[in-house]
Each structure stands twice: as C-alpha cells, then as structure tokens.
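**Student:** Data file protein_28.csv (CSV, C-alpha atoms) is appended below.
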chain,number,residue,atom,x,y,z
A,186,MET,CA,0.0,0.0,0.0
A,187,PRO,CA,1.5,3.3,-1.0
A,188,ILE,CA,1.5,5.8,1.9
A,189,GLN,CA,0.5,9.3,0.9
A,190,THR,CA,-1.5,10.7,3.8
A,191,ILE,CA,-0.5,10.2,7.5
A,192,GLY,CA,-2.7,11.0,10.4
A,193,ILE,CA,-0.8,12.3,13.4
A,194,LEU,CA,-2.4,11.5,16.8
A,195,SER,CA,-1.3,13.9,18.2
A,196,PRO,CA,0.9,16.8,17.1
A,197,GLY,CA,2.7,17.4,20.4
A,198,ASP,CA,6.4,18.0,20.6
A,199,MET,CA,7.3,14.6,19.1
A,200,GLY,CA,4.4,14.1,16.7
A,201,GLN,CA,4.8,17.6,15.3
A,202,ALA,CA,8.5,17.0,14.6
A,203,ILE,CA,7.7,13.7,12.8
A,204,ALA,CA,5.0,15.4,10.7
A,205,ALA,CA,7.4,18.2,9.8
A,206,VAL,CA,9.9,15.7,8.4
A,207,LEU,CA,7.3,13.8,6.5
A,208,ASN,CA,5.9,17.1,5.0
A,209,GLN,CA,9.4,18.2,4.0
A,210,HIS,CA,9.7,14.9,2.1
A,211,GLY,CA,6.5,15.2,0.1
A,212,LEU,CA,3.9,13.5,2.2
A,213,LYS,CA,0.6,15.0,3.5
A,214,THR,CA,0.1,15.0,7.3
A,215,ILE,CA,-3.3,15.6,9.0
A,216,ALA,CA,-4.6,15.9,12.5
A,217,ALA,CA,-8.0,16.0,14.3
A,218,LEU,CA,-7.8,19.2,16.2
A,219,ASP,CA,-11.4,19.5,17.4
A,220,ASP,CA,-11.3,20.4,21.1
A,221,ARG,CA,-7.5,20.5,21.2
A,222,SER,CA,-5.5,23.1,23.0
A,223,GLU,CA,-4.2,26.3,21.5
A,224,ARG,CA,-0.6,25.0,22.0
A,225,THR,CA,-1.4,21.9,20.0
A,226,ARG,CA,-3.0,23.9,17.2
A,227,GLN,CA,0.1,26.2,17.1
A,228,LEU,CA,2.4,23.2,16.9
A,229,ALA,CA,0.4,21.7,14.1
A,230,ALA,CA,0.3,24.9,12.1
A,231,ALA,CA,4.1,25.3,12.5
A,232,ALA,CA,4.6,21.9,10.9
A,233,ASN,CA,2.1,22.4,8.1
A,234,ILE,CA,-0.2,19.7,9.5
A,235,GLN,CA,-3.7,20.1,8.1
A,236,ASP,CA,-6.6,20.1,10.5
A,237,VAL,CA,-9.4,17.8,9.4
A,238,GLY,CA,-11.5,18.4,12.5
A,239,SER,CA,-12.8,15.1,13.8
A,240,LEU,CA,-11.2,11.7,14.4
A,241,THR,CA,-13.7,10.1,12.0
A,242,GLN,CA,-12.5,12.4,9.2
A,243,LEU,CA,-8.9,11.6,10.2
A,244,VAL,CA,-9.6,7.9,9.6
A,245,ILE,CA,-11.4,8.6,6.3
A,246,GLU,CA,-8.5,10.6,4.9
A,247,SER,CA,-5.5,8.7,6.3
A,248,ASP,CA,-3.5,5.8,4.9
A,249,VAL,CA,-1.7,5.4,8.2
A,250,VAL,CA,-2.3,6.8,11.7
A,251,LEU,CA,0.7,7.3,13.9
A,252,SER,CA,-0.3,7.4,17.6
A,253,VAL,CA,2.2,9.5,19.5
A,254,LEU,CA,0.7,10.3,22.9
A,255,VAL,CA,1.4,10.2,26.6
A,256,PRO,CA,1.1,6.6,27.9
A,257,ALA,CA,-2.0,7.2,30.0
A,258,VAL,CA,-4.2,7.9,27.0
A,259,ALA,CA,-2.8,5.4,24.5
A,260,THR,CA,-5.5,2.8,25.0
A,261,GLN,CA,-8.4,5.3,25.0
A,262,ALA,CA,-7.2,6.8,21.8
A,263,ALA,CA,-7.0,3.4,20.2
A,264,LYS,CA,-10.5,2.6,21.2
A,265,GLN,CA,-11.7,5.9,19.6
A,266,VAL,CA,-9.9,5.1,16.4
A,267,ALA,CA,-11.2,1.5,16.4
A,268,GLU,CA,-14.8,2.9,16.7
A,269,ALA,CA,-14.1,5.2,13.8
A,270,ILE,CA,-12.7,2.4,11.7
A,271,ALA,CA,-15.8,0.3,12.4
A,272,ASN,CA,-18.1,3.1,11.5
A,273,VAL,CA,-16.5,4.1,8.2
A,274,GLY,CA,-15.4,0.6,7.2
A,275,LYS,CA,-11.9,1.7,6.2
A,276,PRO,CA,-9.1,-0.8,7.2
A,277,ILE,CA,-6.3,1.8,7.8
A,278,LEU,CA,-2.9,0.9,9.3
A,279,TYR,CA,-2.6,2.0,12.9
A,280,VAL,CA,0.9,2.4,14.3
A,281,ASP,CA,1.2,2.7,18.1
A,282,CYS,CA,4.4,4.7,18.8
A,283,ASN,CA,3.7,5.2,22.5
A,284,ALA,CA,6.0,4.3,25.4
A,285,ILE,CA,3.8,1.6,26.8
A,286,ALA,CA,4.3,-2.0,28.1
A,287,PRO,CA,4.3,-4.8,25.5
A,288,GLN,CA,1.2,-6.5,26.9
A,289,LYS,CA,-0.8,-3.2,26.6
A,290,VAL,CA,0.4,-2.9,23.0
A,291,ILE,CA,-0.7,-6.5,22.2
A,292,ASN,CA,-4.1,-5.6,23.6
A,293,ILE,CA,-4.3,-2.5,21.5
A,294,GLY,CA,-3.3,-4.5,18.4
A,295,HIS,CA,-6.1,-7.0,19.0
A,296,LEU,CA,-8.6,-4.1,19.4
A,297,ILE,CA,-7.6,-2.5,16.1
A,298,GLU,CA,-7.5,-5.8,14.2
A,299,SER,CA,-10.9,-6.8,15.6
A,300,VAL,CA,-12.6,-4.0,13.6
A,301,GLY,CA,-10.7,-4.7,10.4
A,302,GLY,CA,-7.7,-2.4,10.8
A,303,THR,CA,-4.0,-3.5,10.6
A,304,PHE,CA,-1.5,-2.8,13.3
A,305,VAL,CA,2.2,-2.1,13.8
A,306,ASP,CA,4.0,-1.8,17.1
A,307,ALA,CA,6.6,1.0,17.1
A,308,SER,CA,8.9,2.7,19.5
A,309,ILE,CA,10.8,6.0,19.1
A,310,ILE,CA,14.3,6.2,20.6
A,311,GLY,CA,15.9,9.6,20.5
A,312,PRO,CA,14.7,13.2,20.5
A,313,PRO,CA,12.1,14.7,18.1
A,314,PRO,CA,13.7,14.2,14.7
A,315,ARG,CA,14.6,17.8,13.9
A,316,VAL,CA,18.2,16.8,13.3
A,317,PRO,CA,18.9,13.9,10.9
A,318,ASN,CA,20.4,10.6,12.2
A,319,ARG,CA,19.5,11.2,15.8
A,320,THR,CA,16.2,9.4,16.1
A,321,ARG,CA,15.3,5.8,15.4
A,322,ILE,CA,11.8,4.4,15.0
A,323,TYR,CA,11.8,0.6,15.7
A,324,THR,CA,8.9,-1.4,14.4
A,325,SER,CA,7.5,-4.9,14.8
A,326,GLY,CA,4.5,-6.9,13.6
A,327,LYS,CA,3.5,-8.7,10.4
A,328,GLN,CA,2.7,-5.4,8.7
A,329,ALA,CA,5.9,-3.6,9.9
A,330,ASN,CA,7.5,-3.7,6.5
A,331,GLN,CA,4.9,-1.3,5.2
A,332,LEU,CA,6.5,1.5,7.2
A,333,GLN,CA,9.8,1.0,5.4
A,334,GLN,CA,8.5,3.4,2.8
A,335,LEU,CA,9.1,6.2,5.3
A,336,ARG,CA,12.9,5.5,5.2
A,337,ASP,CA,12.8,7.4,1.9
A,338,ARG,CA,10.8,10.2,3.5
A,339,GLY,CA,13.3,11.3,6.2
A,340,LEU,CA,12.6,8.9,9.0
A,341,ASP,CA,15.0,6.2,10.2
A,342,VAL,CA,12.5,3.2,10.4
A,343,ARG,CA,13.9,-0.1,11.4
A,344,VAL,CA,12.0,-3.4,11.5
A,345,ILE,CA,13.2,-5.7,14.3
A,346,GLY,CA,10.7,-8.6,14.1
A,347,ASP,CA,7.2,-9.8,13.2
A,348,GLU,CA,5.7,-10.0,16.7
A,349,ILE,CA,3.7,-7.2,18.3
A,350,GLY,CA,5.4,-6.2,21.6
A,351,GLN,CA,9.0,-6.5,20.4
A,352,ALA,CA,9.4,-2.8,19.5
A,353,SER,CA,7.7,-1.7,22.7
A,354,GLY,CA,9.8,-4.1,24.7
A,355,LEU,CA,13.0,-2.5,23.2
A,356,LYS,CA,11.7,0.9,24.2
A,357,MET,CA,10.9,-0.2,27.8
A,358,SER,CA,14.4,-1.7,28.2
A,359,TYR,CA,16.2,1.3,26.7
A,360,ALA,CA,14.2,4.0,28.5
A,361,ALA,CA,14.7,2.1,31.8
A,362,LEU,CA,18.4,2.9,31.4
A,363,THR,CA,18.3,6.4,30.0
A,364,LYS,CA,15.4,7.9,31.8
A,365,GLY,CA,15.9,5.8,34.9
A,366,LEU,CA,19.5,7.1,35.1
A,367,THR,CA,18.2,10.7,34.7
A,368,ALA,CA,15.8,10.2,37.6
A,369,ILE,CA,18.5,8.7,39.8
A,370,GLY,CA,20.9,11.5,38.9
A,371,THR,CA,18.2,14.2,39.5
A,372,GLU,CA,17.4,12.9,43.0
A,373,LEU,CA,20.9,12.4,44.2
A,374,LEU,CA,21.9,15.9,43.0
A,375,ILE,CA,18.9,17.4,44.9
A,376,ALA,CA,19.9,15.4,47.9
A,377,ALA,CA,23.5,16.7,47.8
A,378,HIS,CA,22.3,20.2,47.4
A,379,ARG,CA,20.1,19.9,50.5
A,380,LEU,CA,23.1,18.4,52.4
A,381,GLY,CA,25.2,21.4,51.3
A,382,LEU,CA,27.5,19.0,49.4
A,383,ASP,CA,26.6,19.7,45.8
A,384,LYS,CA,29.9,21.2,44.9
A,385,GLU,CA,31.9,18.4,46.5
A,386,LEU,CA,29.8,15.7,44.9
A,387,TRP,CA,29.9,17.3,41.5
A,388,ASP,CA,33.7,17.7,41.7
A,389,GLU,CA,34.0,14.0,42.5
A,390,ILE,CA,31.6,12.9,39.7
A,391,SER,CA,33.4,15.1,37.2
A,392,ASN,CA,36.8,13.6,38.3
A,393,SER,CA,35.9,9.9,38.6
A,394,GLN,CA,32.9,9.6,36.4
A,395,PRO,CA,33.4,12.2,33.6
A,396,GLU,CA,31.1,10.3,31.2
A,397,LEU,CA,28.3,10.3,33.7
A,398,ALA,CA,28.8,14.0,34.4
A,399,SER,CA,28.5,14.7,30.7
A,400,ILE,CA,25.3,12.6,30.5
A,401,LEU,CA,23.6,14.3,33.5
A,402,THR,CA,24.7,17.8,32.2
A,403,ARG,CA,22.9,17.0,28.9
A,404,SER,CA,19.9,15.0,30.1
A,405,ILE,CA,18.6,16.9,33.2
A,406,PRO,CA,18.0,20.3,31.5
A,407,THR,CA,16.0,18.7,28.7
A,408,MET,CA,14.1,16.5,31.1
A,409,THR,CA,12.3,19.1,33.2
A,410,PRO,CA,9.6,20.2,30.7
A,411,LYS,CA,8.9,16.6,29.8
A,412,ALA,CA,8.7,15.2,33.4
A,413,HIS,CA,4.9,15.0,33.3
A,414,ARG,CA,5.2,12.6,30.3
A,415,TRP,CA,7.9,10.5,31.8
A,416,VAL,CA,5.8,9.7,34.9
A,417,GLY,CA,3.6,7.4,32.9
A,418,GLU,CA,6.6,6.0,31.0
A,419,MET,CA,8.3,4.9,34.2
A,420,GLU,CA,5.1,3.3,35.4
A,421,GLU,CA,4.8,1.4,32.1
A,422,ILE,CA,8.4,0.2,32.5
A,423,ALA,CA,7.6,-0.9,36.1
A,424,GLU,CA,4.7,-3.0,34.8
A,425,THR,CA,6.9,-4.5,32.0
A,426,PHE,CA,9.5,-5.6,34.5
A,427,LYS,CA,6.9,-6.9,36.9
A,428,GLU,CA,5.4,-9.1,34.2
A,429,LEU,CA,8.9,-10.5,33.6
A,430,GLY,CA,9.3,-11.5,37.2
A,431,LEU,CA,11.6,-8.6,38.1
A,432,THR,CA,11.3,-5.9,40.6
A,433,GLU,CA,9.1,-3.0,39.6
A,434,GLN,CA,9.9,-0.8,42.6
A,435,ILE,CA,12.9,0.9,41.0
A,436,PHE,CA,10.8,2.4,38.3
A,437,TYR,CA,7.9,3.4,40.5
A,438,GLY,CA,10.5,5.3,42.4
A,439,ALA,CA,11.7,6.9,39.2
A,440,ALA,CA,8.1,7.8,38.4
A,441,ASN,CA,7.9,9.6,41.8
A,442,VAL,CA,11.0,11.6,41.0
A,443,TYR,CA,9.4,12.9,37.8
A,444,ARG,CA,6.1,13.5,39.6
A,445,LEU,CA,8.0,15.8,42.0
A,446,VAL,CA,9.7,17.6,39.1
A,447,LYS,CA,6.5,18.2,37.1
A,448,GLU,CA,5.0,20.2,39.9
A,449,THR,CA,7.8,22.7,39.9
A,450,SER,CA,8.1,25.9,37.9
A,451,LEU,CA,10.5,24.1,35.5
A,452,GLY,CA,8.2,21.2,35.1
A,453,LYS,CA,5.4,23.5,34.1
A,454,GLU,CA,7.3,24.9,31.2
A,455,THR,CA,6.7,23.7,27.7
A,456,PRO,CA,9.6,22.2,25.7
A,457,GLU,CA,9.5,25.1,23.2
A,458,LYS,CA,9.7,27.7,25.9
A,459,SER,CA,12.1,26.0,28.3
A,460,ASN,CA,15.6,27.6,28.7
A,461,ARG,CA,17.9,24.9,27.4
A,462,ASP,CA,20.9,27.0,28.3
A,463,ARG,CA,20.1,27.1,32.0
A,464,PRO,CA,23.1,25.8,34.0
A,465,LEU,CA,22.6,22.4,35.7
A,466,ASP,CA,23.5,23.8,39.2
A,467,GLU,CA,20.7,26.4,38.8
A,468,ILE,CA,18.2,23.7,37.8
A,469,ILE,CA,19.1,21.6,40.8
A,470,THR,CA,18.8,24.6,43.1
A,471,ILE,CA,15.3,25.4,41.7
A,472,LEU,CA,14.2,21.7,42.0
A,473,SER,CA,15.6,21.5,45.5
A,474,ASN,CA,13.7,24.6,46.6
A,475,GLU,CA,10.4,23.6,44.9
A,476,ALA,CA,10.2,19.8,44.9
A,477,SER,CA,8.3,18.2,47.7
A,478,ASP,CA,6.3,15.0,48.2
A,479,THR,CA,3.9,16.7,50.5
How does the structure come out when it is put into structure tokens?
**Tutor:**
Amino acid sequence: MPIQTIGILSPGDMGQAIAAVLNQHGLKTIAALDDRSERTRQLAAAANIQDVGSLTQLVIESDVVLSVLVPAVATQAAKQVAEAIANVGKPILYVDCNAIAPQKVINIGHLIESVGGTFVDASIIGPPPRVPNRTRIYTSGKQANQLQQLRDRGLDVRVIGDEIGQASGLKMSYAALTKGLTAIGTELLIAAHRLGLDKELWDEISNSQPELASILTRSIPTMTPKAHRWVGEMEEIAETFKELGLTEQIFYGAANVYRLVKETSLGKETPEKSNRDRPLDEIITILSNEASDT
C-alpha cells in the first residue's frame, strides 16, 4: 500500500516534529484538532499539519495513523480510532508509537484488528527528529515492512521482528536505562544540594565519572519540561519488569521523582519555551527549593 497521507495522533512535541519531516519529504500529514489546546494547534500549524477536525475524518483521509501520545491515553485513543474504523469501514494501518508496556500494545493491536484495521508496534528512541540521524523508529509486527516506505521520507525506520510487543519491549528496556538514570541523577543531586555538598559531589563525579557528568549535564536540563510525560513511561516500565518476574519498585521510584519535578516551575514549562541553556546547578537549586512530596 503506497503511503501518501498520514494522520498524526497527536501533534505534540514529538508528533509535530515527525510530521514536519514527512511534510518536507512530500507526504501529507493531517490531525484531528477539534477540542484540542491552542498550543497543539500552534504546533500543528508550524509543521504544516492540516486540520481535518474530527477523528472520524482523520480515519477517512489517512492511509496510516501514527499514535504519538502520553502513555495514559494510548488505550483510550486506540478505542476511539477503532470505533471510527468500524463506523466508516476503512481498514487503515494504525501504528502505536507510544512508550507503553508490551502487553498493553498487544491488547491495542487486538482491538484495532478486531474492527478490520491493521496494526504495527513502534517505539521511538531519541529526540524529536529535527536533526537527521539522531532518532530511530523501531517497528515490529507482520505489517511492519509497510513503514519501510518512510525511510525514503526522512525517518529512520527499522523493522526488528514480526511480533507485536517487540518494538515496545525494546523501548521499555532502553528507557529504563536512559530515563531511569536521569531520575536517579536528579534525585541524588537534589539530595547533595540539601546536604550542602553539591559542589563536593559534582567535583567527585566530574573527576571519577566524567562520562556520567556529561550525561547528566545533557539530560537533566531537557528532562524538566517533559517530566509530566515521563511519569507514565516509568510506570509502564515498572509493569513491564513486573510481568517478567523482576522488581518494579525501582521504576515506580523513578516515576515519583518525575512526579515531583512536574509540579515545579521548571516542570510546568513547555519544551519550546524552556531555557535549554540554564546551568545544571541552577536547575538543581530550583528543583531542591520547589520539589516536595507533601
């Protein structure tokens, strides 16, 4: 099936960037913006995403729908799309790109296929694809090869298997390391600040763990405006590990760290308005002063 029109569900920071790349490479992207926020509308307009109004119209006009949402709404969004597919009788390809547990992805796949749609499991690793060769989209499922068309349209799409759940499992494992490490680093730096030992700790990390110092310097400033999204992602990782017979408590703890961050002034910023040049020590001072679990 030739892909010409792609529905973006939804054009947030990641979805908007994906759509912008596809538009630049000659594809049409659309979104259902009825009842969406002004920020979402502005992001869509900046990427030249066309507003078709309703989700039903999105299904009617799309060859493929890419679901790029926060984990908490992934299942509900899939149910709404499945209802639209059933109503209009159009067997579109639905690609779940959300950071959710493999079992949840399998259930969503069954839901989409039960109404005649086709389904691909996908996971996005890396930042929004505004810079070439920094973002990978891993896919799995029997229809995953259909998305290989997008390799010629600016996206690094990689098929890793024909089973639903493989792509999401890779995302859960990878994010457990990267975002789990950022959560640990954030909390320990706040702890050192409250102990009055932040300079001494940072000097030691910079001396004995320079690679780690570089990672934290890069990851924490970009994390704060995304912390609200990462709460759910850590909870999905926890459920994935629990299902595998491993401890889930580490990642529920990481979710709690991001829950604290999202309630601070830094956590309330949007990615496009966040000061990415703010020094790490200033960030930790703000988080230390504002973060509380009470």
**Student:** Name all residues at most 7 Å from Ala202 (chain A) (count only C-alpha atoms; drop same-chain ones fewer than 5 positions away) and give them as a compact mmCIF listing (two decimals) with C-alpha atoms, in the frame of the given file.
**Tutor:**
# COMPACT_ATOMS: atom_id res chain seq x y z
CA PRO A 313 12.10 14.70 18.10
CA PRO A 314 13.70 14.20 14.70
CA ARG A 315 14.60 17.80 13.90
**Student:** Tell me, in Å to one decimal, how far CA of Leu243 (chain A) is from CA of Leu212 (chain A).
**Tutor:**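 Distance reported for this atom pair: 15.2 Å.
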**Student:** Residues within 10 Å of Arg414 (chain A), please, as number ranges by chain. Count all atoms listed in the file; anything in the same chain fewer than 6 positions from it doesn't count.
**Tutor:** A: 254-257, 284, 408, 440, 443-444, 447
**Student:** Determine, counting only C-alpha atoms, which protein, DNA and RNA residues have an atom within 9 Å of an atom of Gln351 (chain A); residues of the same chain fewer than 4 positions away are not included. Present the result as a list in words.
**Tutor:**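 Near Gln351 (chain A), the qualifying residues are Pro287, Asp306, Ala307, Tyr323, Thr324, Ser325, Gly326, Ile345, Gly346, Asp347, Leu355 and Lys356 of chain A.
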**Student:** Can those selected residues be exported to a file as a JSON list (two decimals), in the frame of the given file so that it contains C-alpha atoms?
**Tutor:**
[["chain", "number", "residue", "atom", "x", "y", "z"],
["A", 287, "PRO", "CA", 4.30, -4.80, 25.50],
["A", 306, "ASP", "CA", 4.00, -1.80, 17.10],
["A", 307, "ALA", "CA", 6.60, 1.00, 17.10],
["A", 323, "TYR", "CA", 11.80, 0.60, 15.70],
["A", 324, "THR", "CA", 8.90, -1.40, 14.40],
["A", 325, "SER", "CA", 7.50, -4.90, 14.80],
["A", 326, "GLY", "CA", 4.50, -6.90, 13.60],
["A", 345, "ILE", "CA", 13.20, -5.70, 14.30],
["A", 346, "GLY", "CA", 10.70, -8.60, 14.10],
["A", 347, "ASP", "CA", 7.20, -9.80, 13.20],
["A", 355, "LEU", "CA", 13.00, -2.50, 23.20],
["A", 356, "LYS", "CA", 11.70, 0.90, 24.20]]
**Student:** Rounded to one decimal in Å, what is the spacing between CA of Lys289 (chain A) and CA of Leu340 (chain A)?
**Tutor:**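 So the answer is 25.2 Å.
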**Student:** I'd like to know which of A:Ser252, A:Thr409, A:Ile297, A:Arg226 is closest to Leu194 (chain A), using all atoms listed in the file.
**Tutor:** A:Ser252
**Student:** Give me, as a ChimeraX atom specification, all polymer residues having an atom no more than 9 Å from Gly370 (chain A), counting all atoms listed in the file and skipping those fewer than 5 positions away in the same chain.
**Tutor:** /A:365,375,401,405
**Student:** Measure the distance from CA of Ile191 (chain A) to CA of Val253 (chain A) in Å and round it to one decimal.
**Tutor:** 12.3 Å
**Student:** With 12 Å as the threshold, what does the neighbourhood of (-10.3, 0.9, 7.1) contain in terms of residues, counting only C-alpha atoms? Coordinates are those of the file; answer as a VMD selection string.
**Tutor:** chain A and resid 241 to 250 266 to 279 297 to 304
**Student:** Which neighbours of region 436-438 of chain A fall inside 8 Å, counting all atoms listed in the file, when residues of the same chain fewer than 2 positions from it are skipped, and could you give them as a PyMOL selection string?
**Tutor:** chain A and resi 361+365+419-420+422-423+433-434+440-442
**Student:** Let me make sure I understand: among A:Arg403, A:His210, A:Leu374, A:Gly350, which one has the smallest atom-to-atom distance to Ile390 (chain A) if we use all atoms listed in the file?
**Tutor:**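 Ranking A:Arg403, A:His210, A:Leu374, A:Gly350 by distance to Ile390 (chain A), first place goes to A:Leu374.
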**Student:** For Ala263 (chain A), which residue among A:Val290, A:Ile309, A:Leu397, A:Ile435 is the nearest when counting only C-alpha atoms?
**Tutor:** A:Val290
**Student:** Between A:Ala352, A:Val416, A:Val258, A:Val316, which is the closest to Val446 (chain A) once you count all atoms listed in the file?
**Tutor:**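 Checking each candidate against Val446 (chain A), we get A:Val416 as the closest.
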**Student:** Identify which of the residues A:Ile193, A:Leu386, A:Ala377, A:Val237 lies closest to Cys282 (chain A), counting only C-alpha atoms when measuring atom-to-atom distances.
**Tutor:**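 Checking each of A:Ile193, A:Leu386, A:Ala377, A:Val237 against Cys282 (chain A), counting only C-alpha atoms, the winner is A:Ile193.
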**Student:** Looking at only C-alpha atoms, which of A:Asn208, A:Gln201, A:Thr371, A:Ser459 is the one that sits closest to Gln227 (chain A)?
**Tutor:**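 Closest candidate: A:Gln201.
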